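These notes concern the structure reproduced below.
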Amino acid sequence: MKRGFLTTSKAQKQLEKEPVSWQYAQTKTIMSGPLSHGVVQEAGAPKDYRSLERAYHEIDGNTMNYAPDAYIYTTVPPISMRDTLADVPGGWTECFVSGHVKRMIHSTPGFPRLPLRPTGGKGYRIINAGDKGLGMFATRLIRTGDVIADERPMLVGPIVNPVNTAKLSGEIIEKYSTEQLKQIALHEAGQAVKLAFDRLPPEYKRAFMELYNSHKEDGSNEFIGRIRTNGFAINGRLRDENTNGRRGRYTATCNEISRINHSCSPNATFSWHDDTFSVRIHAVRDIPAGTEITIQYCDLLESVAERANDLAPYGITSCNCTPFCSDPAMIKISDERRARFQIPVVLMPPSVKPKADEPKDAWVQPALTRLLELEEEGLQSLDEYRRTLHQLLNIYTYLQDVEKVLMYAQKLRGTLKALGRSKDLDKGYLSVEGIKSSTFWNMADMAKMMPMSAMMMTFA
Ligand SMILES: C[S@@+](CC[C@H](N)C(=O)[O-])C[C@H]1O[C@@H](n2cnc3c(N)ncnc32)[C@H](O)[C@@H]1O
């Protein structure tokens, strides 16, 4: 399959050697605030609104020399116009990004590494998930920290599409209501995505159009609707220059990974990786064969009511993930806990020796309770879970309890991998000798000789 857009033989020859990008200048957004969802009366751009003309032109895809406000259609990694998906290991992503972001992508150390292979080989399949449509299910036991999938997206584009305010005159902005302006923004975003869609190889065109669309009645066209339903927000450094919040950030729509459903107690987590240009899914706890693999679509520390609000655009009316989401008494417990999880537990060892009948780790109970509650809620994907494991690791090193240190070290190692942290646990914690030469162990020795020094210890 050739992905040619130019027909002259001269142009084609040039494109064989040089990947091509399309560029056009777009800046600013015409509105802020969330786009509409659900059923919108009078969805679509107002009848008298005339679409912006998109005057794009083709340029050498290898260039990095872009005007600050230029937005470009480009493939990542760069490919030749004659490449098929079979020719490019890991595939490629059709991107609609600013020149600034293209430069950032290409200056990433190691870019473009291949996406990782799933740990132990592919261990999932996409099948029917009942009311949720399709979903991803484990075909064998997947262990905490394992890579379940690592996929280069089919499409990457802005979360909030930039629309050229210079072309939308003040007259237009004054003429229409807020909802109509939102509809215009959606319409323009839909047009921009359509251009990216047109550049996809046929396999991706088909896969993209087969994705679920929960935005059929709010003015989103069939392209932007699918991105709103299936896109993963890209976290980290890839964002437009001088932007903050959602503006200037990007969303990645995948083929298989976009089939993963939401849970308020997810057993997997997703992370974005610039060097492989991929969305990676890790298990945050052991996932038995036959279990559905789930991730979070919203902030898990919000209350059930707030989460319901965030899930509404996906057409999820009642998530029913666990009794913590559906049973009123359990909801109350869970809401209180999730609010508490936002404040870290800070502990200090007692300055006096424990009484004979008191366990030496009685003071650690608040952190142990925190860990237990996080596990009961199925919140191993939260950074608070990692923080609590780290805290317990340090405390039990200080208490010189080797068995517990080894146990928490093992758990923390899996969790660090699961959260996509590039830094592994200090190897010292994986052997008895290493533990005995660690800082907290030595501090405990010192505290035995000089009890006053223990008073200065804090475990956060
Ligand atoms: C990114 S897609 C996930 C894959 C989708 N189930 C499919 O069939 O392709 C998001 C859509 O899946 C459905 N979904 C995801 N999680 C759900 C949940 N916990 N409860 C009900 N529906 C869910 C919703 O329809 C949502 O709009």
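Residue numbers start at 1 in each chain; chains themselves are named A, B, ... in the order of the structure tokens; ligands are numbered from 1 in the order shown.
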Determine which residues of region 25-194 of chain A receive a DSSP assignment of alpha helix (DSSP H), computed from the backbone, and state them as a VMD selection string.
chain A and resid 99 to 106 170 to 175 178 to 194
Counting only C-alpha atoms and all ligand atoms, what are the residues, protein, DNA or RNA alike, that approach ligand 1 to within 9 Å? I want them as a PDB file with C-alpha atoms, in the first residue's frame.
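For reference, selection_37.pdb as written:
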ATOM      1  CA  ILE A 127     -13.739 -10.004  23.962  1.00  0.00           C
ATOM      2  CA  ASN A 128     -17.288  -9.139  24.970  1.00  0.00           C
ATOM      3  CA  ALA A 129     -17.512  -7.445  28.375  1.00  0.00           C
ATOM      4  CA  GLY A 130     -21.308  -7.472  28.704  1.00  0.00           C
ATOM      5  CA  ASP A 131     -22.918  -4.030  29.236  1.00  0.00           C
ATOM      6  CA  LYS A 132     -19.549  -2.363  28.701  1.00  0.00           C
ATOM      7  CA  GLY A 133     -19.180  -3.513  25.094  1.00  0.00           C
ATOM      8  CA  LEU A 134     -15.789  -5.015  24.360  1.00  0.00           C
ATOM      9  CA  GLY A 135     -13.051  -5.261  26.959  1.00  0.00           C
ATOM     10  CA  MET A 136      -9.569  -6.658  27.541  1.00  0.00           C
ATOM     11  CA  GLU A 210     -14.490   0.159  14.742  1.00  0.00           C
ATOM     12  CA  LEU A 211     -13.686   1.864  18.066  1.00  0.00           C
ATOM     13  CA  TYR A 212     -16.613   2.702  20.307  1.00  0.00           C
ATOM     14  CA  ASN A 213     -18.075   6.229  20.077  1.00  0.00           C
ATOM     15  CA  SER A 214     -19.892   7.637  23.117  1.00  0.00           C
ATOM     16  CA  HIS A 215     -20.288  11.109  21.546  1.00  0.00           C
ATOM     17  CA  ARG A 226     -13.966   8.449  18.837  1.00  0.00           C
ATOM     18  CA  ARG A 228     -13.058  11.801  22.989  1.00  0.00           C
ATOM     19  CA  THR A 229     -14.147   8.252  23.865  1.00  0.00           C
ATOM     20  CA  ASN A 230     -10.866   6.400  23.428  1.00  0.00           C
ATOM     21  CA  GLY A 231      -7.979   8.874  23.855  1.00  0.00           C
ATOM     22  CA  PHE A 232      -5.408   8.613  26.642  1.00  0.00           C
ATOM     23  CA  THR A 253      -5.911   6.908  20.543  1.00  0.00           C
ATOM     24  CA  GLU A 256      -6.171  -2.568  21.325  1.00  0.00           C
ATOM     25  CA  ILE A 257      -5.324  -0.540  24.433  1.00  0.00           C
ATOM     26  CA  SER A 258      -8.309   1.739  23.777  1.00  0.00           C
ATOM     27  CA  ARG A 259     -10.537  -1.294  24.407  1.00  0.00           C
ATOM     28  CA  ILE A 260      -9.695  -1.290  28.115  1.00  0.00           C
ATOM     29  CA  ASN A 261     -12.695  -0.395  30.270  1.00  0.00           C
ATOM     30  CA  HIS A 262     -12.801   1.767  33.384  1.00  0.00           C
ATOM     31  CA  SER A 263     -12.854   0.641  37.004  1.00  0.00           C
ATOM     32  CA  CYS A 264     -12.802   2.706  40.198  1.00  0.00           C
ATOM     33  CA  THR A 294      -9.210  -2.290  33.807  1.00  0.00           C
ATOM     34  CA  ILE A 295      -7.737   1.202  34.149  1.00  0.00           C
ATOM     35  CA  GLN A 296      -8.989   4.509  35.561  1.00  0.00           C
ATOM     36  CA  TYR A 297     -10.794   7.091  33.382  1.00  0.00           C
ATOM     37  CA  LEU A 311     -17.651   9.296  33.714  1.00  0.00           C
ATOM     38  CA  ALA A 312     -20.838  10.739  32.199  1.00  0.00           C
ATOM     39  CA  PRO A 313     -19.137  11.839  28.921  1.00  0.00           C
ATOM     40  CA  TYR A 314     -18.245   8.183  28.332  1.00  0.00           C
ATOM     41  CA  GLY A 315     -21.920   7.280  28.660  1.00  0.00           C
ATOM     42  CA  ILE A 316     -21.164   5.413  31.896  1.00  0.00           C
ATOM     43  CA  THR A 317     -24.260   6.053  33.991  1.00  0.00           C
ATOM     44  CA  SER A 318     -23.552   3.691  36.896  1.00  0.00           C
ATOM     45  CA  CYS A 319     -20.131   2.103  37.060  1.00  0.00           C
ATOM     46  CA  ASN A 320     -20.902  -0.572  39.713  1.00  0.00           C
ATOM     47  CA  CYS A 321     -17.193  -1.465  39.837  1.00  0.00           C
TER      48      CYS A 321
END
Restricting the calculation to only C-alpha atoms, which member of A:Cys325, A:Met330, A:Leu35, A:Ala460 is positioned closest to Val364 (chain A)?
A:Ala460
For the strand (DSSP E or B) assignment from backbone DSSP, which residues of region 139-382 of chain A qualify? Please present them as a PyMOL selection string.
chain A and resi 142+147-151+155-158+231-233+250-253+261-262+268-273+278-283+287+292-295+347
For Thr144 (chain A), work out the shell of residues within 12 Å, counting only C-alpha atoms and skipping chain neighbours fewer than 3 positions away, then give it as an MDAnalysis selection string.
chainID A and resid 119 141 147:148 267:269 281:288 380:381 410:420
Could you make a table, as CSV, of the residues of region 155-253 of chain A that have an atom within 10 Å of an atom of region 61-80 of chain A, each with its nearest atom pair and distance in Å to one decimal, counting only C-alpha atoms, in chain and number order?
residue,atom,partner,partner_atom,distance
A:Leu155,CA,A:Thr75,CA,9.3
A:Val156,CA,A:Val76,CA,9.5
A:Gly157,CA,A:Tyr73,CA,9.3
A:Pro162,CA,A:Tyr71,CA,9.0
A:Asn164,CA,A:Asp69,CA,9.9
A:Ala192,CA,A:Tyr73,CA,9.7
A:Val193,CA,A:Tyr73,CA,9.9
A:Leu195,CA,A:Tyr73,CA,8.3
A:Ala196,CA,A:Tyr73,CA,6.6
A:Arg199,CA,A:Tyr73,CA,8.7
A:Leu200,CA,A:Thr75,CA,9.5
A:Asp240,CA,A:Pro68,CA,9.4
A:Glu241,CA,A:Pro68,CA,8.3
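The residue set within 8 Å of Phe137 (chain A), counting only C-alpha atoms and dropping same-chain residues fewer than 3 places from it, reads Tyr124, Arg125, Ile126, Ile127, Ala289, Gly290, Thr291, Glu292 and Ile293 of chain A.
In terms of minimum interatomic distance to Asn309 (chain A), A:Gly38 ranks closest within A:Asp445, A:Arg152, A:His57, A:Gly38, counting only C-alpha atoms.
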Between A:Thr251, A:Thr322, A:Thr439, A:Thr84, smallest distance to Ala233 (chain A) by only C-alpha atoms belongs to A:Thr251
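With CA of Pro366 (chain A) on one side and CA of Val402 (chain A) on the other, the separation reads 20.6 Å.
Rounded to one decimal, CA of Ser36 (chain A) and CA of Glu222 (chain A) lie 15.2 Å from each other.
Compared by their closest atoms to Phe341 (chain A), and using only C-alpha atoms, the residues A:Val88, A:Ala138, A:Leu374, A:Leu393 rank with A:Leu374 nearest.
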Take CA of Gly378 (chain A) and CA of Lys404 (chain A) and report the distance between them in Å, one decimal.
21.7 Å
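Nearest residue to Lys436 (chain A), choosing from A:Val346, A:Ile105, A:Met449, A:Leu406 and counting only C-alpha atoms: A:Leu406.
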